[in-house]
$ cat entry_14.txt   # compact mmCIF, C-alpha atoms
# COMPACT_ATOMS: atom_id res chain seq x y z
CA MET B 1103 8.54 11.55 5.90
CA SER B 1104 5.76 14.09 5.72
CA ALA B 1105 5.46 16.19 2.58
CA PRO B 1106 5.69 19.94 2.95
CA THR B 1107 2.55 21.92 2.22
CA GLU B 1108 2.38 22.78 -1.47
CA ILE B 1109 0.61 25.77 -2.95
CA GLU B 1110 -0.09 24.86 -6.54
CA LYS B 1111 -2.45 25.73 -9.36
CA LYS B 1112 -3.22 23.43 -12.24
CA PHE B 1113 -4.26 24.51 -15.75
CA LEU B 1114 -5.12 22.99 -19.07
CA VAL B 1115 -2.69 23.79 -21.88
CA ILE B 1116 -4.03 25.57 -24.98
CA GLU B 1117 -0.82 25.43 -26.95
CA CYS B 1118 2.31 23.76 -25.71
CA PRO B 1119 5.26 26.19 -25.68
CA ALA B 1120 8.82 25.39 -26.77
CA LEU B 1121 10.29 23.11 -24.11
CA ASP B 1122 13.97 23.34 -25.02
CA ASP B 1123 14.96 24.65 -21.60
CA PHE B 1124 12.84 22.13 -19.71
CA LYS B 1125 14.03 18.90 -18.17
CA ALA B 1126 12.03 15.90 -19.41
CA GLU B 1127 11.45 12.69 -17.49
CA VAL B 1128 9.11 9.73 -17.71
CA VAL B 1129 6.52 9.52 -14.95
CA ARG B 1130 4.52 6.33 -14.53
CA GLN B 1131 2.24 5.90 -11.59
CA GLY B 1132 -0.32 3.39 -10.52
CA TYR B 1133 -2.70 3.13 -7.60
CA ILE B 1134 -2.71 -0.02 -5.49
CA THR B 1135 -5.89 1.05 -3.73
CA SER B 1136 -9.13 1.98 -5.47
CA GLY B 1137 -10.73 5.42 -5.48
CA GLU B 1138 -13.33 4.41 -2.89
CA ASP B 1139 -10.78 3.21 -0.34
CA SER B 1140 -9.98 5.36 2.70
CA ILE B 1141 -6.24 5.26 2.02
CA GLU B 1142 -4.36 5.97 -1.19
CA VAL B 1143 -1.31 3.81 -1.88
CA ARG B 1144 0.59 4.79 -5.02
CA VAL B 1145 3.72 3.43 -6.69
CA ARG B 1146 5.56 5.72 -9.02
CA GLN B 1147 8.46 5.86 -11.42
CA LYS B 1148 9.92 9.33 -11.87
CA GLY B 1149 12.85 9.23 -14.23
CA GLN B 1150 15.31 6.79 -12.66
CA GLY B 1151 13.62 6.90 -9.24
CA TYR B 1152 10.92 4.63 -7.83
CA TYR B 1153 8.68 5.40 -4.89
CA ILE B 1154 5.78 4.17 -2.82
CA THR B 1155 3.51 6.76 -1.22
CA VAL B 1156 0.72 6.37 1.32
CA LYS B 1157 -1.81 9.17 1.75
CA SER B 1158 -4.69 9.23 4.16
CA LYS B 1159 -7.77 10.82 2.65
CA GLY B 1160 -9.14 12.72 5.64
CA THR B 1161 -9.76 16.39 5.02
CA LEU B 1162 -8.19 17.29 8.37
CA ALA B 1163 -4.60 16.34 9.08
CA ARG B 1164 -3.96 14.36 5.92
CA SER B 1165 -0.85 12.29 6.49
CA GLU B 1166 1.63 11.30 3.81
CA TYR B 1167 4.38 8.69 3.96
CA GLU B 1168 6.80 8.12 1.11
CA THR B 1169 9.88 6.02 0.63
CA ALA B 1170 12.13 5.32 -2.33
CA ILE B 1171 12.00 1.73 -3.54
CA GLU B 1172 14.20 -0.37 -5.79
CA LEU B 1173 13.26 -1.15 -9.39
CA ALA B 1174 12.72 -4.81 -8.43
CA GLN B 1175 10.30 -3.79 -5.67
CA PHE B 1176 8.49 -1.48 -8.08
CA GLU B 1177 8.18 -4.29 -10.60
CA THR B 1178 6.72 -6.63 -7.98
CA LEU B 1179 4.07 -4.13 -6.90
CA TRP B 1180 3.26 -2.60 -10.31
CA PRO B 1181 0.96 -5.49 -11.39
CA ALA B 1182 -1.23 -4.68 -8.36
CA THR B 1183 -2.13 -1.36 -10.04
CA GLU B 1184 -3.63 -2.83 -13.21
CA GLY B 1185 -6.49 -0.65 -14.50
CA ARG B 1186 -5.44 2.30 -12.28
CA ARG B 1187 -2.38 3.70 -14.04
CA LEU B 1188 -1.20 6.69 -15.94
CA GLU B 1189 1.89 7.53 -17.89
CA LYS B 1190 3.18 10.92 -18.90
CA THR B 1191 6.29 12.84 -19.77
CA ARG B 1192 6.90 15.58 -17.25
CA TYR B 1193 8.70 18.74 -18.37
CA THR B 1194 10.10 20.76 -15.48
CA GLY B 1195 11.13 24.37 -15.96
CA ALA B 1196 10.26 27.96 -15.14
CA LEU B 1197 8.05 30.69 -16.55
CA PRO B 1198 9.70 33.95 -17.71
CA GLY B 1199 8.73 35.52 -14.38
CA GLY B 1200 10.57 32.71 -12.54
CA ALA B 1201 7.67 30.59 -11.24
CA ALA B 1202 8.45 26.85 -11.29
CA VAL B 1203 6.18 24.84 -13.59
CA GLU B 1204 5.63 21.18 -14.36
CA LEU B 1205 4.07 20.49 -17.74
CA ASP B 1206 2.67 16.96 -18.12
CA ILE B 1207 2.04 15.43 -21.54
CA PHE B 1208 -0.02 12.31 -21.01
CA GLU B 1209 0.18 9.07 -22.97
CA GLY B 1210 -1.80 5.86 -23.34
CA HIS B 1211 -5.52 6.18 -22.56
CA LEU B 1212 -4.94 9.85 -21.74
CA ALA B 1213 -3.11 10.77 -24.97
CA GLY B 1214 -3.99 14.32 -25.98
CA LEU B 1215 -4.16 15.64 -22.42
CA GLN B 1216 -1.67 18.27 -21.33
CA LEU B 1217 -1.67 19.88 -17.89
CA VAL B 1218 0.59 22.49 -16.36
CA GLU B 1219 1.12 23.04 -12.64
CA VAL B 1220 2.61 26.18 -11.16
CA GLU B 1221 4.16 26.16 -7.70
CA PHE B 1222 4.00 29.18 -5.45
CA SER B 1223 5.86 30.02 -2.30
CA SER B 1224 2.92 31.81 -0.67
CA VAL B 1225 -0.84 32.18 -0.95
CA GLU B 1226 -0.34 35.85 -1.90
CA GLU B 1227 1.89 34.88 -4.81
CA ALA B 1228 -0.69 32.35 -6.00
CA LYS B 1229 -3.48 34.93 -5.88
CA ALA B 1230 -1.41 37.50 -7.79
CA PHE B 1231 -0.50 35.03 -10.55
CA LYS B 1232 -1.25 36.13 -14.13
CA ALA B 1233 -1.39 33.06 -16.37
CA PRO B 1234 0.50 33.21 -19.71
CA SER B 1235 -1.64 33.14 -22.86
CA TRP B 1236 -0.83 29.47 -23.55
CA PHE B 1237 -2.51 28.47 -20.30
CA GLY B 1238 -6.11 27.22 -20.56
CA ALA B 1239 -8.77 26.78 -17.90
CA ASP B 1240 -7.80 26.66 -14.21
CA VAL B 1241 -8.64 23.10 -13.14
CA THR B 1242 -7.04 23.26 -9.69
CA GLU B 1243 -10.35 22.41 -8.00
CA ASP B 1244 -11.66 20.05 -10.70
CA LYS B 1245 -11.47 16.56 -9.21
CA ARG B 1246 -11.62 14.97 -12.68
CA TYR B 1247 -8.06 16.17 -13.27
CA LYS B 1248 -6.63 14.57 -10.17
CA ASN B 1249 -4.11 11.92 -11.12
CA SER B 1250 -6.03 9.27 -9.21
CA ALA B 1251 -9.21 10.11 -11.19
CA LEU B 1252 -7.38 10.30 -14.52
CA SER B 1253 -5.82 6.89 -13.91
CA VAL B 1254 -9.25 5.22 -14.10
CA ALA B 1255 -10.92 7.61 -16.58
CA ASP B 1256 -12.56 5.97 -19.59
CA GLN B 1257 -11.98 9.09 -21.64
CA LEU B 1258 -10.59 12.58 -21.27
CA PRO B 1259 -12.67 15.03 -19.22
CA THR B 1260 -14.60 17.38 -21.52
CA MET F 450 5.22 -12.84 -6.84
CA SER F 451 2.01 -14.77 -6.27
CA ALA F 452 1.71 -16.82 -3.11
CA PRO F 453 1.07 -20.54 -3.48
CA THR F 454 -2.29 -21.82 -2.32
CA GLU F 455 -2.16 -22.67 1.37
CA ILE F 456 -4.26 -25.28 3.10
CA GLU F 457 -4.29 -24.34 6.76
CA LYS F 458 -6.36 -24.78 9.86
CA LYS F 459 -6.25 -22.42 12.81
CA PHE F 460 -7.01 -23.37 16.42
CA LEU F 461 -7.09 -21.77 19.84
CA VAL F 462 -4.52 -23.13 22.29
CA ILE F 463 -5.78 -24.67 25.56
CA GLU F 464 -2.38 -25.23 27.07
CA CYS F 465 0.84 -24.21 25.42
CA PRO F 466 3.21 -27.19 25.00
CA ALA F 467 6.97 -27.15 25.61
CA LEU F 468 8.50 -25.17 22.75
CA ASP F 469 12.16 -26.16 23.16
CA ASP F 470 12.38 -27.57 19.65
CA PHE F 471 10.58 -24.62 18.05
CA LYS F 472 12.21 -21.67 16.36
CA ALA F 473 11.04 -18.34 17.81
CA GLU F 474 10.90 -15.04 15.98
CA VAL F 475 9.27 -11.68 16.49
CA VAL F 476 6.42 -10.88 14.12
CA ARG F 477 5.10 -7.33 13.95
CA GLN F 478 2.57 -6.39 11.35
CA GLY F 479 0.44 -3.40 10.61
CA TYR F 480 -2.20 -2.60 8.04
CA ILE F 481 -1.86 0.51 5.91
CA THR F 482 -5.40 0.13 4.60
CA SER F 483 -8.50 -0.14 6.77
CA GLY F 484 -10.76 -3.16 7.04
CA GLU F 485 -13.43 -1.60 4.81
CA ASP F 486 -11.06 -0.93 1.92
CA SER F 487 -11.12 -3.16 -1.17
CA ILE F 488 -7.39 -3.83 -0.99
CA GLU F 489 -5.27 -4.95 1.94
CA VAL F 490 -1.79 -3.47 2.19
CA ARG F 491 0.29 -4.86 5.05
CA VAL F 492 3.82 -4.20 6.26
CA ARG F 493 5.46 -6.85 8.36
CA GLN F 494 8.57 -7.62 10.32
CA LYS F 495 9.35 -11.32 10.59
CA GLY F 496 12.54 -11.86 12.54
CA GLN F 497 15.21 -9.95 10.62
CA GLY F 498 13.09 -9.65 7.47
CA TYR F 499 10.74 -6.86 6.44
CA TYR F 500 8.00 -7.10 3.83
CA ILE F 501 5.15 -5.28 2.16
CA THR F 502 2.21 -7.33 0.93
CA VAL F 503 -0.78 -6.34 -1.22
CA LYS F 504 -3.85 -8.56 -1.27
CA SER F 505 -6.98 -7.99 -3.28
CA LYS F 506 -10.11 -8.93 -1.34
CA GLY F 507 -12.21 -10.46 -4.08
CA THR F 508 -13.45 -13.96 -3.31
CA LEU F 509 -12.58 -15.11 -6.83
CA ALA F 510 -9.00 -14.92 -8.04
CA ARG F 511 -7.57 -13.13 -5.03
CA SER F 512 -4.21 -11.75 -6.04
CA GLU F 513 -1.24 -11.32 -3.75
CA TYR F 514 1.93 -9.33 -4.30
CA GLU F 515 4.80 -9.30 -1.81
CA THR F 516 8.27 -7.88 -1.80
CA ALA F 517 11.01 -7.69 0.81
CA ILE F 518 11.78 -4.17 1.98
CA GLU F 519 14.64 -2.61 3.91
CA LEU F 520 14.37 -1.69 7.58
CA ALA F 521 14.46 2.01 6.65
CA GLN F 522 11.53 1.53 4.26
CA PHE F 523 9.64 -0.39 6.93
CA GLU F 524 10.25 2.39 9.43
CA THR F 525 8.96 5.01 7.00
CA LEU F 526 5.74 3.12 6.32
CA TRP F 527 5.11 1.73 9.83
CA PRO F 528 3.61 5.03 11.18
CA ALA F 529 0.91 4.71 8.48
CA THR F 530 -0.40 1.63 10.31
CA GLU F 531 -1.14 3.32 13.65
CA GLY F 532 -4.16 1.74 15.34
CA ARG F 533 -4.05 -1.31 13.05
CA ARG F 534 -1.14 -3.34 14.37
CA LEU F 535 -0.35 -6.55 16.14
CA GLU F 536 2.74 -8.05 17.65
CA LYS F 537 3.42 -11.65 18.49
CA THR F 538 6.16 -14.19 18.95
CA ARG F 539 5.85 -16.94 16.38
CA TYR F 540 7.10 -20.42 17.27
CA THR F 541 7.66 -22.63 14.23
CA GLY F 542 7.96 -26.39 14.55
CA ALA F 543 6.27 -29.70 13.85
CA LEU F 544 3.75 -31.94 15.55
CA PRO F 545 4.84 -35.51 16.50
CA GLY F 546 3.15 -36.73 13.29
CA GLY F 547 5.25 -34.34 11.24
CA ALA F 548 2.70 -31.64 10.35
CA ALA F 549 4.23 -28.15 10.29
CA VAL F 550 2.77 -25.78 12.86
CA GLU F 551 3.08 -22.10 13.71
CA LEU F 552 2.16 -21.17 17.26
CA ASP F 553 1.57 -17.46 17.81
CA ILE F 554 1.74 -15.90 21.27
CA PHE F 555 0.31 -12.42 21.01
CA GLU F 556 1.44 -9.34 22.91
CA GLY F 557 0.23 -5.79 23.52
CA HIS F 558 -3.54 -5.31 23.27
CA LEU F 559 -3.85 -9.03 22.40
CA ALA F 560 -1.83 -10.36 25.35
CA GLY F 561 -3.29 -13.69 26.50
CA LEU F 562 -4.20 -14.86 23.00
CA GLN F 563 -2.47 -17.93 21.60
CA LEU F 564 -3.25 -19.41 18.19
CA VAL F 565 -1.80 -22.38 16.37
CA GLU F 566 -1.91 -22.94 12.61
CA VAL F 567 -1.31 -26.28 10.95
CA GLU F 568 -0.27 -26.49 7.30
CA PHE F 569 -1.35 -29.36 5.11
CA SER F 570 -0.14 -30.47 1.73
CA SER F 571 -3.59 -31.60 0.54
CA VAL F 572 -7.27 -31.20 1.32
CA GLU F 573 -7.41 -34.90 2.21
CA GLU F 574 -4.67 -34.49 4.77
CA ALA F 575 -6.48 -31.53 6.29
CA LYS F 576 -9.73 -33.48 6.59
CA ALA F 577 -8.00 -36.47 8.20
CA PHE F 578 -6.24 -34.31 10.79
CA LYS F 579 -6.70 -35.30 14.44
CA ALA F 580 -5.90 -32.33 16.68
CA PRO F 581 -3.66 -32.93 19.72
CA SER F 582 -5.29 -32.53 23.14
CA TRP F 583 -3.66 -29.12 23.71
CA PHE F 584 -5.53 -27.70 20.71
CA GLY F 585 -8.71 -25.76 21.45
CA ALA F 586 -11.57 -24.72 19.18
CA ASP F 587 -11.10 -24.73 15.42
CA VAL F 588 -11.33 -21.03 14.45
CA THR F 589 -10.27 -21.42 10.82
CA GLU F 590 -13.51 -19.88 9.60
CA ASP F 591 -13.94 -17.37 12.43
CA LYS F 592 -13.25 -13.95 10.94
CA ARG F 593 -12.61 -12.46 14.38
CA TYR F 594 -9.33 -14.38 14.49
CA LYS F 595 -8.02 -13.04 11.20
CA ASN F 596 -4.90 -10.97 11.80
CA SER F 597 -6.49 -7.95 10.14
CA ALA F 598 -9.47 -8.16 12.54
CA LEU F 599 -7.29 -8.79 15.59
CA SER F 600 -5.15 -5.77 14.74
CA VAL F 601 -8.10 -3.42 15.38
CA ALA F 602 -9.89 -5.48 18.09
CA ASP F 603 -10.72 -3.59 21.29
CA GLN F 604 -10.53 -6.80 23.25
CA LEU F 605 -9.96 -10.51 22.75
CA PRO F 606 -12.75 -12.43 21.00
CA THR F 607 -14.80 -14.35 23.56

$ encode --input "entry_14.txt" --output "structure tokens"
Amino acid sequence: MSAPTEIEKKFLVIECPALDDFKAEVVRQGYITSGEDSIEVRVRQKGQGYYITVKSKGTLARSEYETAIELAQFETLWPATEGRRLEKTRYTGALPGGAAVELDIFEGHLAGLQLVEVEFSSVEEAKAFKAPSWFGADVTEDKRYKNSALSVADQLPT
Amino acid sequence: MSAPTEIEKKFLVIECPALDDFKAEVVRQGYITSGEDSIEVRVRQKGQGYYITVKSKGTLARSEYETAIELAQFETLWPATEGRRLEKTRYTGALPGGAAVELDIFEGHLAGLQLVEVEFSSVEEAKAFKAPSWFGADVTEDKRYKNSALSVADQLPT
């Protein structure tokens, strides 16, 4: 299964808003491959679901393959990700204007980090986006905030 | 699940013996990662069973993780192995002396290659082994005959 193209922006969070209307779920993910490898293989828990995802790292024609796995399969492969993991609670909801957002509150070695991603349906919509005042810096292009980089970070990016 | 330590020797086959008493099954395997990556991730069909296996490549304390997967999961991940695959029929049986052997007859880009592996229960047994006359060169230490190398070989090793 190939993933659809996503148009997203990622921001730091200055002050976390009230999340009463958001859906919360645990996200745990670990990388089986290392950051230097040509292929990224990730296992992930998202709420009650478990997945394995393969991404090629080419800049042209990146391929992605993902399949749901059983808890027992996840538990067999999870030890292979030691030292390359992250855990967060993901809050899914919408901004007042209707844009879908995912707010991640990280735990463990990344405690204190909060990131918010906004999804857009077109490039035009992304360009026209006015961030709410609780949004911090736009880190969409900052590789240090990629999940794969955060998973092996010694400390939070500064 | 960690794999037990295996003591094996691998040989070319000069002349394939009668295989009437051997069990035959299709083995198809492909590598999700490339040969230069630090981790090997393999998906495999063995008869009616499907598996994903992760091996670290360190020389010390190599770890291995393997779990059975469903056919649908295999079929989702298989396209990620394009260009790094091999197919063979594996014949499993025993030598007259009782040693367990696996004789692989390769297909596709490796057609013409036959390899036989003997499993031993101790290092002493392996050292004392006298190969039958139909065995060819001992290629146990020849990296060109590793499955991962054969999967990407342009032609048969000579």

$ residues_around --input "entry_14.txt" --residues "segment 1120-1132 of chain B" --least-positions-apart "4" --cutoff "10 Å" --atoms "all atoms listed in the file" --output "VMD selection string"
chain B and resid 1143 to 1154 1179 to 1196 1203 to 1209 1249 to 1250 1253 to 1254

$ closest_atom_pairs --input "entry_14.txt" --of "chain B" --to "chain F" --cutoff "10 Å" --atoms "only C-alpha atoms" --output "tab-separated table"
residue	atom	partner	partner_atom	distance
B:Met1103	CA	F:Thr525	CA	6.6
B:Ser1104	CA	F:Thr525	CA	9.7
B:Ile1134	CA	F:Ile488	CA	7.5
B:Thr1135	CA	F:Ile488	CA	5.8
B:Ser1136	CA	F:Ser487	CA	7.0
B:Gly1137	CA	F:Ser487	CA	9.6
B:Glu1138	CA	F:Asp486	CA	7.5
B:Asp1139	CA	F:Asp486	CA	4.7
B:Ser1140	CA	F:Asp486	CA	6.4
B:Ile1141	CA	F:Thr482	CA	5.8
B:Glu1142	CA	F:Thr482	CA	8.3
B:Val1143	CA	F:Val490	CA	8.4
B:Ile1154	CA	F:Leu526	CA	9.2
B:Thr1155	CA	F:Leu526	CA	8.7
B:Val1156	CA	F:Ala529	CA	7.4
B:Lys1157	CA	F:Ala529	CA	8.5
B:Ser1158	CA	F:Ala529	CA	8.4
B:Ser1165	CA	F:Ala529	CA	8.0
B:Glu1166	CA	F:Ala529	CA	8.1
B:Tyr1167	CA	F:Leu526	CA	6.2
B:Glu1168	CA	F:Thr525	CA	7.0
B:Thr1169	CA	F:Gln522	CA	6.0
B:Ala1170	CA	F:Gln522	CA	7.6
B:Ile1171	CA	F:Gln522	CA	7.8
B:Glu1172	CA	F:Ile518	CA	9.0
B:Ala1174	CA	F:Thr516	CA	8.6
B:Gln1175	CA	F:Thr516	CA	6.0
B:Phe1176	CA	F:Thr516	CA	9.0
B:Glu1177	CA	F:Thr516	CA	9.5
B:Thr1178	CA	F:Met450	CA	6.5
B:Leu1179	CA	F:Tyr514	CA	6.2
B:Trp1180	CA	F:Tyr514	CA	9.1
B:Pro1181	CA	F:Tyr514	CA	8.1
B:Ala1182	CA	F:Tyr514	CA	6.9

$ calpha_fit_and_write --input "entry_14.txt" --fixed "chain F" --moving "chain B" --output "compact mmCIF listing (two decimals) with C-alpha atoms, in the coordinates of the input"
# COMPACT_ATOMS: atom_id res chain seq x y z
CA MET B 1103 5.14 -12.84 -6.83
CA SER B 1104 1.95 -14.76 -6.25
CA ALA B 1105 1.65 -16.82 -3.09
CA PRO B 1106 1.05 -20.53 -3.46
CA THR B 1107 -2.30 -21.85 -2.29
CA GLU B 1108 -2.14 -22.73 1.39
CA ILE B 1109 -4.27 -25.33 3.12
CA GLU B 1110 -4.28 -24.37 6.76
CA LYS B 1111 -6.37 -24.81 9.88
CA LYS B 1112 -6.25 -22.46 12.83
CA PHE B 1113 -7.01 -23.38 16.45
CA LEU B 1114 -7.08 -21.79 19.85
CA VAL B 1115 -4.51 -23.13 22.31
CA ILE B 1116 -5.76 -24.66 25.57
CA GLU B 1117 -2.35 -25.23 27.08
CA CYS B 1118 0.86 -24.20 25.42
CA PRO B 1119 3.21 -27.18 25.00
CA ALA B 1120 6.98 -27.15 25.59
CA LEU B 1121 8.51 -25.16 22.74
CA ASP B 1122 12.15 -26.16 23.14
CA ASP B 1123 12.38 -27.57 19.63
CA PHE B 1124 10.59 -24.63 18.03
CA LYS B 1125 12.20 -21.68 16.32
CA ALA B 1126 11.04 -18.36 17.80
CA GLU B 1127 10.88 -15.06 15.96
CA VAL B 1128 9.25 -11.69 16.47
CA VAL B 1129 6.41 -10.89 14.09
CA ARG B 1130 5.07 -7.35 13.93
CA GLN B 1131 2.55 -6.40 11.32
CA GLY B 1132 0.44 -3.40 10.60
CA TYR B 1133 -2.21 -2.60 8.03
CA ILE B 1134 -1.86 0.53 5.92
CA THR B 1135 -5.40 0.17 4.62
CA SER B 1136 -8.49 -0.11 6.79
CA GLY B 1137 -10.75 -3.15 7.04
CA GLU B 1138 -13.41 -1.58 4.82
CA ASP B 1139 -11.04 -0.87 1.94
CA SER B 1140 -11.11 -3.07 -1.17
CA ILE B 1141 -7.38 -3.75 -1.01
CA GLU B 1142 -5.27 -4.90 1.92
CA VAL B 1143 -1.77 -3.42 2.18
CA ARG B 1144 0.29 -4.84 5.03
CA VAL B 1145 3.83 -4.18 6.25
CA ARG B 1146 5.46 -6.85 8.32
CA GLN B 1147 8.56 -7.63 10.31
CA LYS B 1148 9.33 -11.33 10.58
CA GLY B 1149 12.51 -11.89 12.51
CA GLN B 1150 15.18 -9.97 10.61
CA GLY B 1151 13.06 -9.65 7.45
CA TYR B 1152 10.72 -6.85 6.41
CA TYR B 1153 7.99 -7.08 3.80
CA ILE B 1154 5.15 -5.24 2.14
CA THR B 1155 2.21 -7.28 0.88
CA VAL B 1156 -0.76 -6.27 -1.25
CA LYS B 1157 -3.85 -8.49 -1.32
CA SER B 1158 -6.98 -7.91 -3.31
CA LYS B 1159 -10.08 -8.87 -1.38
CA GLY B 1160 -12.21 -10.38 -4.15
CA THR B 1161 -13.48 -13.86 -3.42
CA LEU B 1162 -12.59 -14.99 -6.95
CA ALA B 1163 -9.01 -14.78 -8.15
CA ARG B 1164 -7.56 -13.04 -5.12
CA SER B 1165 -4.20 -11.63 -6.12
CA GLU B 1166 -1.23 -11.23 -3.81
CA TYR B 1167 1.95 -9.23 -4.35
CA GLU B 1168 4.80 -9.23 -1.86
CA THR B 1169 8.28 -7.82 -1.82
CA ALA B 1170 11.01 -7.65 0.80
CA ILE B 1171 11.78 -4.14 1.99
CA GLU B 1172 14.65 -2.58 3.91
CA LEU B 1173 14.38 -1.71 7.59
CA ALA B 1174 14.48 2.01 6.69
CA GLN B 1175 11.55 1.56 4.30
CA PHE B 1176 9.65 -0.38 6.95
CA GLU B 1177 10.27 2.38 9.47
CA THR B 1178 8.98 5.02 7.05
CA LEU B 1179 5.75 3.14 6.36
CA TRP B 1180 5.11 1.73 9.86
CA PRO B 1181 3.62 5.01 11.23
CA ALA B 1182 0.92 4.73 8.53
CA THR B 1183 -0.41 1.63 10.34
CA GLU B 1184 -1.13 3.30 13.67
CA GLY B 1185 -4.18 1.73 15.36
CA ARG B 1186 -4.06 -1.33 13.03
CA ARG B 1187 -1.15 -3.36 14.37
CA LEU B 1188 -0.36 -6.57 16.11
CA GLU B 1189 2.73 -8.06 17.62
CA LYS B 1190 3.42 -11.67 18.47
CA THR B 1191 6.15 -14.20 18.92
CA ARG B 1192 5.84 -16.95 16.36
CA TYR B 1193 7.09 -20.44 17.24
CA THR B 1194 7.64 -22.64 14.20
CA GLY B 1195 7.97 -26.39 14.56
CA ALA B 1196 6.28 -29.71 13.89
CA LEU B 1197 3.76 -31.96 15.61
CA PRO B 1198 4.85 -35.51 16.55
CA GLY B 1199 3.14 -36.78 13.39
CA GLY B 1200 5.25 -34.36 11.30
CA ALA B 1201 2.70 -31.67 10.40
CA ALA B 1202 4.23 -28.17 10.32
CA VAL B 1203 2.75 -25.79 12.89
CA GLU B 1204 3.07 -22.11 13.70
CA LEU B 1205 2.16 -21.19 17.26
CA ASP B 1206 1.58 -17.46 17.81
CA ILE B 1207 1.74 -15.91 21.27
CA PHE B 1208 0.31 -12.42 21.01
CA GLU B 1209 1.44 -9.33 22.90
CA GLY B 1210 0.23 -5.79 23.51
CA HIS B 1211 -3.55 -5.33 23.25
CA LEU B 1212 -3.85 -9.02 22.38
CA ALA B 1213 -1.83 -10.37 25.34
CA GLY B 1214 -3.28 -13.68 26.48
CA LEU B 1215 -4.19 -14.86 22.99
CA GLN B 1216 -2.47 -17.92 21.59
CA LEU B 1217 -3.26 -19.42 18.19
CA VAL B 1218 -1.81 -22.41 16.38
CA GLU B 1219 -1.91 -22.97 12.63
CA VAL B 1220 -1.31 -26.32 10.98
CA GLU B 1221 -0.27 -26.54 7.34
CA PHE B 1222 -1.35 -29.41 5.15
CA SER B 1223 -0.14 -30.55 1.78
CA SER B 1224 -3.58 -31.66 0.58
CA VAL B 1225 -7.26 -31.26 1.37
CA GLU B 1226 -7.40 -34.98 2.27
CA GLU B 1227 -4.65 -34.55 4.84
CA ALA B 1228 -6.47 -31.57 6.36
CA LYS B 1229 -9.72 -33.52 6.64
CA ALA B 1230 -7.99 -36.50 8.26
CA PHE B 1231 -6.22 -34.33 10.86
CA LYS B 1232 -6.69 -35.33 14.51
CA ALA B 1233 -5.90 -32.35 16.73
CA PRO B 1234 -3.65 -32.95 19.78
CA SER B 1235 -5.28 -32.52 23.19
CA TRP B 1236 -3.65 -29.10 23.74
CA PHE B 1237 -5.51 -27.71 20.75
CA GLY B 1238 -8.71 -25.76 21.49
CA ALA B 1239 -11.56 -24.73 19.21
CA ASP B 1240 -11.09 -24.73 15.42
CA VAL B 1241 -11.32 -21.05 14.46
CA THR B 1242 -10.27 -21.46 10.82
CA GLU B 1243 -13.53 -19.91 9.59
CA ASP B 1244 -13.95 -17.39 12.43
CA LYS B 1245 -13.25 -13.99 10.91
CA ARG B 1246 -12.60 -12.47 14.35
CA TYR B 1247 -9.32 -14.39 14.46
CA LYS B 1248 -8.02 -13.05 11.18
CA ASN B 1249 -4.90 -10.99 11.76
CA SER B 1250 -6.48 -7.96 10.12
CA ALA B 1251 -9.47 -8.18 12.52
CA LEU B 1252 -7.28 -8.81 15.57
CA SER B 1253 -5.15 -5.78 14.73
CA VAL B 1254 -8.11 -3.45 15.37
CA ALA B 1255 -9.89 -5.50 18.07
CA ASP B 1256 -10.73 -3.62 21.27
CA GLN B 1257 -10.53 -6.84 23.24
CA LEU B 1258 -9.95 -10.53 22.71
CA PRO B 1259 -12.75 -12.46 20.98
CA THR B 1260 -14.79 -14.42 23.53

$ atom_distance --input "entry_14.txt" --atom1 "atom CA of Val565 of chain F" --atom2 "atom CA of Phe460 of chain F"
5.3 Å

$ residues_around --input "entry_14.txt" --residues "segment 588-590 of chain F" --least-positions-apart "4" --cutoff "8 Å" --atoms "all atoms listed in the file" --output "ChimeraX atom specification"
/F:457-461,594

$ atom_distance --input "entry_14.txt" --atom1 "atom CA of Ile456 of chain F" --atom2 "atom CA of Asp591 of chain F"
15.6 Å

$ closest_residue --input "entry_14.txt" --among "B:Glu1219, B:Lys1229, B:Lys1248, B:Gly1214" --to "Glu1117 of chain B" --atoms "only C-alpha atoms"
B:Gly1214
